[in-house]
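Q: Data: query-v4.pdb, PDB, C-alpha atoms, pLDDT in the B column.
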```
MODEL        1
ATOM      1  CA  MET K 587      22.149 -24.460  22.709  1.00 57.00           C
ATOM      2  CA  VAL K 588      19.314 -23.073  20.613  1.00 57.00           C
ATOM      3  CA  GLU K 589      17.639 -19.976  22.001  1.00 59.00           C
ATOM      4  CA  GLU K 590      13.885 -20.375  22.237  1.00 58.00           C
ATOM      5  CA  ARG K 591      11.913 -17.253  21.372  1.00 69.00           C
ATOM      6  CA  PHE K 592       8.461 -16.267  22.448  1.00 75.00           C
ATOM      7  CA  MET K 593       6.252 -16.198  19.379  1.00 89.00           C
ATOM      8  CA  PRO K 594       3.280 -13.926  20.085  1.00 92.00           C
ATOM      9  CA  ASN K 595       0.011 -14.490  18.312  1.00 95.00           C
ATOM     10  CA  VAL K 596      -1.146 -11.632  16.144  1.00 97.00           C
ATOM     11  CA  SER K 597      -4.713 -11.314  14.911  1.00 98.00           C
ATOM     12  CA  MET K 598      -5.982  -8.752  12.451  1.00 98.00           C
ATOM     13  CA  THR K 599      -8.328  -8.416   9.520  1.00 98.00           C
ATOM     14  CA  VAL K 600      -6.585  -8.318   6.147  1.00 98.00           C
ATOM     15  CA  ASN K 601      -8.639  -7.437   3.098  1.00 98.00           C
ATOM     16  CA  GLY K 602     -11.803  -8.265   5.014  1.00 98.00           C
ATOM     17  CA  VAL K 603     -10.615 -11.677   6.223  1.00 98.00           C
ATOM     18  CA  ALA K 604      -9.778 -12.409   9.865  1.00 98.00           C
ATOM     19  CA  VAL K 605      -6.258 -13.818  10.104  1.00 98.00           C
ATOM     20  CA  SER K 606      -4.136 -14.980  13.003  1.00 97.00           C
ATOM     21  CA  ALA K 607      -0.626 -16.396  13.296  1.00 96.00           C
ATOM     22  CA  ASN K 608       2.220 -16.868  15.722  1.00 96.00           C
ATOM     23  CA  VAL K 609       5.040 -14.601  14.580  1.00 96.00           C
ATOM     24  CA  ASP K 610       8.420 -13.536  15.829  1.00 95.00           C
ATOM     25  CA  SER K 611       7.941 -10.237  17.652  1.00 94.00           C
ATOM     26  CA  ARG K 612      10.336  -8.632  15.118  1.00 95.00           C
ATOM     27  CA  THR K 613       8.237  -9.614  12.090  1.00 96.00           C
ATOM     28  CA  LEU K 614       7.413  -6.635   9.937  1.00 97.00           C
ATOM     29  CA  LEU K 615       3.926  -6.149   8.546  1.00 98.00           C
ATOM     30  CA  ALA K 616       5.327  -6.421   4.998  1.00 97.00           C
ATOM     31  CA  GLN K 617       6.850  -9.801   5.853  1.00 97.00           C
ATOM     32  CA  PHE K 618       3.631 -10.939   7.509  1.00 98.00           C
ATOM     33  CA  VAL K 619       1.407 -10.177   4.515  1.00 98.00           C
ATOM     34  CA  ARG K 620       3.927 -11.544   2.009  1.00 98.00           C
ATOM     35  CA  ASP K 621       5.278 -14.604   3.839  1.00 97.00           C
ATOM     36  CA  ASN K 622       2.402 -15.650   6.074  1.00 97.00           C
ATOM     37  CA  LEU K 623      -0.558 -14.626   3.926  1.00 98.00           C
ATOM     38  CA  HIS K 624       1.096 -14.958   0.488  1.00 98.00           C
ATOM     39  CA  LEU K 625      -0.166 -11.522  -0.581  1.00 98.00           C
ATOM     40  CA  THR K 626       2.834 -10.538  -2.663  1.00 97.00           C
ATOM     41  CA  GLY K 627       1.473  -7.326  -4.169  1.00 97.00           C
ATOM     42  CA  THR K 628       3.038  -5.415  -1.285  1.00 97.00           C
ATOM     43  CA  HIS K 629       6.645  -4.949  -2.372  1.00 96.00           C
ATOM     44  CA  ILE K 630       9.761  -4.447  -0.285  1.00 94.00           C
ATOM     45  CA  GLY K 631      12.148  -2.103  -2.023  1.00 90.00           C
ATOM     46  CA  CYS K 632      14.360  -0.523   0.591  1.00 88.00           C
ATOM     47  CA  ASP K 633      13.660  -1.724   4.173  1.00 77.00           C
ATOM     48  CA  THR K 634      14.263   1.854   5.334  1.00 85.00           C
ATOM     49  CA  SER K 635      10.854   3.451   4.750  1.00 87.00           C
ATOM     50  CA  GLN K 636      12.085   5.598   1.868  1.00 91.00           C
ATOM     51  CA  CYS K 637      10.720   4.084  -1.343  1.00 94.00           C
ATOM     52  CA  GLY K 638       7.026   3.546  -0.550  1.00 95.00           C
ATOM     53  CA  ALA K 639       6.667   0.273  -2.475  1.00 96.00           C
ATOM     54  CA  CYS K 640       5.350  -1.354   0.726  1.00 97.00           C
ATOM     55  CA  VAL K 641       2.470   1.037   1.475  1.00 98.00           C
ATOM     56  CA  VAL K 642      -0.687  -0.590   2.836  1.00 98.00           C
ATOM     57  CA  HIS K 643      -3.629   0.855   4.754  1.00 98.00           C
ATOM     58  CA  VAL K 644      -3.966   0.167   8.475  1.00 98.00           C
ATOM     59  CA  ASP K 645      -7.310   1.236   9.878  1.00 98.00           C
ATOM     60  CA  GLY K 646      -7.796   3.399   6.802  1.00 97.00           C
ATOM     61  CA  ARG K 647      -4.430   5.218   6.918  1.00 97.00           C
ATOM     62  CA  ALA K 648      -1.432   4.645   4.655  1.00 98.00           C
ATOM     63  CA  VAL K 649       1.583   3.143   6.422  1.00 97.00           C
ATOM     64  CA  LYS K 650       4.906   1.855   5.202  1.00 97.00           C
ATOM     65  CA  SER K 651       4.712  -1.801   6.119  1.00 97.00           C
ATOM     66  CA  CYS K 652       8.476  -2.359   5.894  1.00 96.00           C
ATOM     67  CA  THR K 653       8.936  -0.474   9.169  1.00 95.00           C
ATOM     68  CA  THR K 654       5.695  -1.431  10.929  1.00 97.00           C
ATOM     69  CA  LEU K 655       5.774  -4.394  13.269  1.00 97.00           C
ATOM     70  CA  ALA K 656       3.034  -6.939  12.622  1.00 98.00           C
ATOM     71  CA  VAL K 657       2.309  -7.191  16.363  1.00 97.00           C
ATOM     72  CA  SER K 658       1.586  -3.446  16.431  1.00 98.00           C
ATOM     73  CA  CYS K 659      -1.361  -4.162  14.131  1.00 98.00           C
ATOM     74  CA  GLU K 660      -3.108  -6.441  16.627  1.00 98.00           C
ATOM     75  CA  GLY K 661      -6.856  -6.040  16.069  1.00 98.00           C
ATOM     76  CA  ALA K 662      -6.350  -3.662  13.142  1.00 98.00           C
ATOM     77  CA  SER K 663      -7.956  -3.686   9.730  1.00 98.00           C
ATOM     78  CA  VAL K 664      -5.275  -3.919   7.040  1.00 98.00           C
ATOM     79  CA  THR K 665      -5.875  -3.408   3.332  1.00 98.00           C
ATOM     80  CA  THR K 666      -3.266  -4.404   0.759  1.00 98.00           C
ATOM     81  CA  ILE K 667      -3.302  -3.779  -2.984  1.00 98.00           C
ATOM     82  CA  GLU K 668      -5.053  -7.156  -3.380  1.00 98.00           C
ATOM     83  CA  GLY K 669      -7.958  -5.863  -1.295  1.00 98.00           C
ATOM     84  CA  ILE K 670      -8.968  -2.813  -3.312  1.00 97.00           C
ATOM     85  CA  GLY K 671     -10.142  -4.294  -6.600  1.00 94.00           C
ATOM     86  CA  THR K 672     -10.294  -7.395  -8.740  1.00 93.00           C
ATOM     87  CA  PRO K 673      -8.971  -8.097 -12.252  1.00 91.00           C
ATOM     88  CA  ASP K 674     -12.546  -7.774 -13.545  1.00 95.00           C
ATOM     89  CA  HIS K 675     -13.453  -4.727 -11.450  1.00 96.00           C
ATOM     90  CA  LEU K 676     -10.475  -2.458 -10.816  1.00 97.00           C
ATOM     91  CA  HIS K 677     -10.542   0.217  -8.135  1.00 97.00           C
ATOM     92  CA  PRO K 678     -10.886   3.631  -9.838  1.00 98.00           C
ATOM     93  CA  MET K 679      -7.285   4.490  -8.929  1.00 98.00           C
ATOM     94  CA  GLN K 680      -6.011   1.234 -10.441  1.00 97.00           C
ATOM     95  CA  ALA K 681      -7.980   1.931 -13.609  1.00 97.00           C
ATOM     96  CA  ALA K 682      -6.592   5.480 -13.750  1.00 98.00           C
ATOM     97  CA  PHE K 683      -3.007   4.198 -13.499  1.00 97.00           C
ATOM     98  CA  ARG K 684      -3.705   1.787 -16.377  1.00 96.00           C
ATOM     99  CA  GLU K 685      -5.499   4.361 -18.526  1.00 97.00           C
ATOM    100  CA  ASN K 686      -2.903   7.106 -17.958  1.00 97.00           C
ATOM    101  CA  HIS K 687       0.173   4.902 -18.322  1.00 94.00           C
ATOM    102  CA  GLY K 688       1.160   5.610 -14.721  1.00 94.00           C
ATOM    103  CA  LEU K 689       3.446   2.611 -14.526  1.00 90.00           C
ATOM    104  CA  GLN K 690       6.344   1.041 -16.324  1.00 89.00           C
ATOM    105  CA  CYS K 691       8.003  -1.891 -14.586  1.00 92.00           C
ATOM    106  CA  GLY K 692       5.228  -1.917 -11.969  1.00 91.00           C
ATOM    107  CA  PHE K 693       7.394  -2.449  -8.891  1.00 94.00           C
ATOM    108  CA  CYS K 694       6.402   0.836  -7.222  1.00 94.00           C
ATOM    109  CA  THR K 695       2.826   0.770  -8.515  1.00 96.00           C
ATOM    110  CA  PRO K 696       1.082  -0.997  -5.593  1.00 97.00           C
ATOM    111  CA  GLY K 697       2.570   1.454  -3.110  1.00 97.00           C
ATOM    112  CA  MET K 698       1.838   4.416  -5.391  1.00 97.00           C
ATOM    113  CA  ILE K 699      -1.798   3.366  -5.747  1.00 98.00           C
ATOM    114  CA  MET K 700      -2.254   2.770  -2.011  1.00 98.00           C
ATOM    115  CA  SER K 701      -0.644   6.138  -1.270  1.00 98.00           C
ATOM    116  CA  ALA K 702      -2.786   7.843  -3.914  1.00 98.00           C
ATOM    117  CA  ILE K 703      -5.993   6.450  -2.415  1.00 98.00           C
ATOM    118  CA  ASP K 704      -4.872   7.718   0.980  1.00 98.00           C
ATOM    119  CA  ILE K 705      -4.163  11.168  -0.480  1.00 98.00           C
ATOM    120  CA  VAL K 706      -7.682  11.332  -1.921  1.00 98.00           C
ATOM    121  CA  ASN K 707      -9.191  10.122   1.354  1.00 97.00           C
ATOM    122  CA  ARG K 708      -7.343  12.863   3.259  1.00 97.00           C
ATOM    123  CA  LYS K 709      -7.275  15.731   0.743  1.00 97.00           C
ATOM    124  CA  GLY K 710     -10.385  15.212  -1.367  1.00 95.00           C
ATOM    125  CA  ASN K 711     -10.985  14.659  -5.052  1.00 95.00           C
ATOM    126  CA  SER K 712      -9.803  17.994  -6.441  1.00 95.00           C
ATOM    127  CA  LEU K 713      -6.034  17.674  -6.305  1.00 96.00           C
ATOM    128  CA  ASP K 714      -3.652  20.015  -8.085  1.00 97.00           C
ATOM    129  CA  GLU K 715      -0.316  18.866  -9.477  1.00 97.00           C
ATOM    130  CA  HIS K 716       1.689  20.514  -6.684  1.00 97.00           C
ATOM    131  CA  THR K 717      -0.313  18.725  -3.977  1.00 98.00           C
ATOM    132  CA  ILE K 718       0.002  15.346  -5.704  1.00 98.00           C
ATOM    133  CA  ARG K 719       3.752  15.708  -6.187  1.00 96.00           C
ATOM    134  CA  GLU K 720       4.244  16.889  -2.602  1.00 97.00           C
ATOM    135  CA  GLU K 721       2.127  14.075  -1.166  1.00 97.00           C
ATOM    136  CA  LEU K 722       3.938  11.418  -3.230  1.00 96.00           C
ATOM    137  CA  GLU K 723       7.385  12.488  -1.976  1.00 94.00           C
ATOM    138  CA  GLY K 724       7.639   9.288   0.080  1.00 92.00           C
ATOM    139  CA  ASN K 725       7.187   7.096  -3.001  1.00 94.00           C
ATOM    140  CA  ILE K 726      10.039   6.513  -5.417  1.00 93.00           C
ATOM    141  CA  CYS K 727       9.726   5.376  -9.023  1.00 92.00           C
ATOM    142  CA  ARG K 728      12.967   4.643 -10.803  1.00 89.00           C
ATOM    143  CA  CYS K 729      11.415   4.194 -14.253  1.00 88.00           C
ATOM    144  CA  THR K 730       9.229   7.228 -14.912  1.00 82.00           C
ATOM    145  CA  GLY K 731       9.500  10.969 -14.707  1.00 80.00           C
ATOM    146  CA  TYR K 732       6.338  10.965 -12.558  1.00 92.00           C
ATOM    147  CA  HIS K 733       4.366  12.951 -15.158  1.00 95.00           C
ATOM    148  CA  ASN K 734       1.990  10.075 -15.957  1.00 96.00           C
ATOM    149  CA  ILE K 735       1.784   9.055 -12.289  1.00 97.00           C
ATOM    150  CA  VAL K 736       0.595  12.561 -11.409  1.00 97.00           C
ATOM    151  CA  LYS K 737      -1.930  12.416 -14.278  1.00 97.00           C
ATOM    152  CA  ALA K 738      -3.107   9.020 -13.040  1.00 97.00           C
ATOM    153  CA  VAL K 739      -3.566  10.205  -9.449  1.00 98.00           C
ATOM    154  CA  SER K 740      -5.520  13.236 -10.636  1.00 97.00           C
ATOM    155  CA  ALA K 741      -7.753  11.102 -12.867  1.00 97.00           C
ATOM    156  CA  GLY K 742      -8.154   8.486 -10.124  1.00 97.00           C
ATOM    157  CA  ALA K 743      -9.150  11.154  -7.624  1.00 97.00           C
ATOM    158  CA  GLN K 744     -11.847  12.418  -9.992  1.00 96.00           C
ATOM    159  CA  ALA K 745     -13.037   8.872 -10.664  1.00 96.00           C
ATOM    160  CA  MET K 746     -13.231   8.161  -6.927  1.00 96.00           C
ATOM    161  CA  SER K 747     -15.634  11.091  -6.588  1.00 91.00           C
ATOM    162  CA  GLY K 748     -18.026   9.352  -8.940  1.00 78.00           C
ATOM    163  CA  LYS K 749     -18.059  12.300 -11.338  1.00 59.00           C
TER     164      LYS K 749
ENDMDL
END
```
How would this structure read if it were set down as structure tokens?

A:
Amino acid sequence: MVEERFMPNVSMTVNGVAVSANVDSRTLLAQFVRDNLHLTGTHIGCDTSQCGACVVHVDGRAVKSCTTLAVSCEGASVTTIEGIGTPDHLHPMQAAFRENHGLQCGFCTPGMIMSAIDIVNRKGNSLDEHTIREELEGNICRCTGYHNIVKAVSAGAQAMSGK
């Protein structure tokens, strides 16, 4: 006998677009944006909330979407890496990562950028190296020594100020 599950409907705004779907109540936000919405810029690296590759913004705050239930975001505004810039008009933090060589393989980059934007939104545009490194502790990069990532976040923070 096949067990029938209740599939709640979840509605939210993702990257400015109202979306709605019936999902298993155990569906993670990362799965929802990747599998239901086909926004694959949000990466899943660990499923344990340690690597930060899955960071998105929910109602303006950075969250690790690999441990956030989609149904908990009912009515929320979600922004993924796809929602912050375009190939022709990068977000200042995206441009800073490109200009400062803040990426190598690119797997961690979406989460790093989303976390970096959140850091600037919370801490302001004048960030010292210690603050950036401390704030990025929840994001793991296995390719770099973080030096260029820190430079990129600092440059992106300045660029976000418009100066």

Q: For Thr665 of chain K, please output as a PyMOL selection string all residues within 8 Å (counting all atoms listed in the file; exclusion window: fewer than 5 positions along the same chain).

A: chain K and resi 600-602+642-644+646+670

Q: Residues within 9 Å of Glu721 of chain K, please, as a PyMOL selection string. Count all atoms listed in the file; anything in the same chain fewer than 5 positions from it doesn't count.

A: chain K and resi 701-702+705+716

Q: From the list K:Leu623, K:Val596, K:Ile726, K:Leu615, which residue is nearest Thr653 of chain K when using only C-alpha atoms?

A: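 Smallest separation from Thr653 of chain K among the options: K:Leu615.
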
Q: Applied to the shown file, which residues does the PyMOL selection byres ((chain K and resi 739) around 9) return, written as a ChimeraX atom specification?

A: /K:679,682-683,688,698-699,702-703,706,713,718,734-738,740-744

Q: Tell me, as a list in words, which residues lie within 8 Å of Asn622 of chain K, counting all atoms listed in the file; anything in the same chain fewer than 4 positions away does not count.

A: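 Using all atoms listed in the file, the neighbours found are Ala607, Gln617 and Phe618 of chain K.
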
Q: Report, in Å to a single decimal, how far apart atom CA of Ala616 of chain K and atom CA of Ala662 of chain K are.

A: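 The value is 14.5 Å.
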
Q: For each of K:Met746, K:Cys637, K:Cys729, K:Leu614, take the minimum atom-to-atom distance to Leu655 of chain K, counting all atoms listed in the file, then give the residue where this is smallest.

A: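 Closest to Leu655 of chain K, using all atoms listed in the file: K:Leu614.
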
Q: For each of K:Leu689, K:Ile630, K:Ala639, K:Val619, take the minimum atom-to-atom distance to Ser606 of chain K, counting only C-alpha atoms, then give the residue where this is smallest.

A: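 For Ser606 of chain K, the nearest of the given residues is K:Val619.
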
Q: Between K:Thr628, K:Asn707, K:Ser658, K:Ser597, which has the minimum distance to Ser611 of chain K (counting all atoms listed in the file)?

A: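 That would be K:Ser658, the residue with the smallest distance to Ser611 of chain K.
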
Q: Considering all atoms listed in the file, state which residue in the set K:Thr695, K:Gln636, K:Thr672, K:Asn595 is at the smallest distance from Val657 of chain K.

A: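 The answer is K:Asn595, which sits nearest to Val657 of chain K.
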
Q: Report, in Å with one decimal, the straight-line distance from atom CA of His677 of chain K to atom CA of Ala648 of chain K.

A: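 For atom CA of His677 of chain K relative to atom CA of Ala648 of chain K, the distance reads 16.3 Å.
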
Q: At what distance in Å, to one decimal, does atom CA of Glu685 of chain K lie from atom CA of Ser663 of chain K?

A: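 According to the coordinates, atom CA of Ser663 of chain K and atom CA of Glu685 of chain K are separated by 29.5 Å.
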
Q: List every protein, DNA or RNA residue that has an atom no more than 6 Å from (9.9, 2.7, -16.7) in the file's coordinate frame, counting all atoms listed in the file, and report them as a VMD selection string.

A: chain K and resid 690 to 691 729 to 730

Q: Would you fill the gaps in segment 640-658 of chain K so it has N, CA and C atoms, then print it as a CSV table (one decimal), keeping the file's coordinate frame?

A:
```
chain,number,residue,atom,x,y,z
K,640,CYS,N,6.0,-0.5,-0.3
K,640,CYS,CA,5.4,-1.4,0.7
K,640,CYS,C,4.1,-0.8,1.3
K,641,VAL,N,3.6,0.4,0.8
K,641,VAL,CA,2.5,1.0,1.5
K,641,VAL,C,1.2,0.2,1.5
K,642,VAL,N,0.6,0.1,2.6
K,642,VAL,CA,-0.7,-0.6,2.8
K,642,VAL,C,-1.5,0.4,3.7
K,643,HIS,N,-2.8,0.1,3.9
K,643,HIS,CA,-3.6,0.9,4.8
K,643,HIS,C,-3.9,0.1,6.0
K,644,VAL,N,-3.7,0.7,7.2
K,644,VAL,CA,-4.0,0.2,8.5
K,644,VAL,C,-5.0,1.1,9.1
K,645,ASP,N,-6.2,0.5,9.4
K,645,ASP,CA,-7.3,1.2,9.9
K,645,ASP,C,-7.6,2.5,9.0
K,646,GLY,N,-7.5,2.3,7.7
K,646,GLY,CA,-7.8,3.4,6.8
K,646,GLY,C,-6.7,4.4,6.5
K,647,ARG,N,-5.5,4.3,7.1
K,647,ARG,CA,-4.4,5.2,6.9
K,647,ARG,C,-3.3,4.5,6.2
K,648,ALA,N,-2.6,5.2,5.3
K,648,ALA,CA,-1.4,4.6,4.7
K,648,ALA,C,-0.3,4.5,5.6
K,649,VAL,N,0.4,3.4,5.6
K,649,VAL,CA,1.6,3.1,6.4
K,649,VAL,C,2.6,2.4,5.6
K,650,LYS,N,3.8,2.6,5.9
K,650,LYS,CA,4.9,1.9,5.2
K,650,LYS,C,5.1,0.6,6.0
K,651,SER,N,4.7,-0.5,5.4
K,651,SER,CA,4.7,-1.8,6.1
K,651,SER,C,6.1,-2.4,6.3
K,652,CYS,N,7.1,-1.8,5.7
K,652,CYS,CA,8.5,-2.4,5.9
K,652,CYS,C,9.1,-1.9,7.2
K,653,THR,N,8.4,-0.9,7.9
K,653,THR,CA,8.9,-0.5,9.2
K,653,THR,C,7.8,-0.5,10.2
K,654,THR,N,6.8,-1.3,10.0
K,654,THR,CA,5.7,-1.4,10.9
K,654,THR,C,5.7,-2.9,11.4
K,655,LEU,N,5.8,-3.0,12.7
K,655,LEU,CA,5.8,-4.4,13.3
K,655,LEU,C,4.4,-5.0,13.1
K,656,ALA,N,4.3,-6.3,12.8
K,656,ALA,CA,3.0,-6.9,12.6
K,656,ALA,C,2.3,-6.9,13.9
K,657,VAL,N,3.0,-7.1,15.1
K,657,VAL,CA,2.3,-7.2,16.4
K,657,VAL,C,1.7,-5.8,16.7
K,658,SER,N,2.2,-4.8,16.2
K,658,SER,CA,1.6,-3.4,16.4
K,658,SER,C,0.2,-3.3,15.7
```
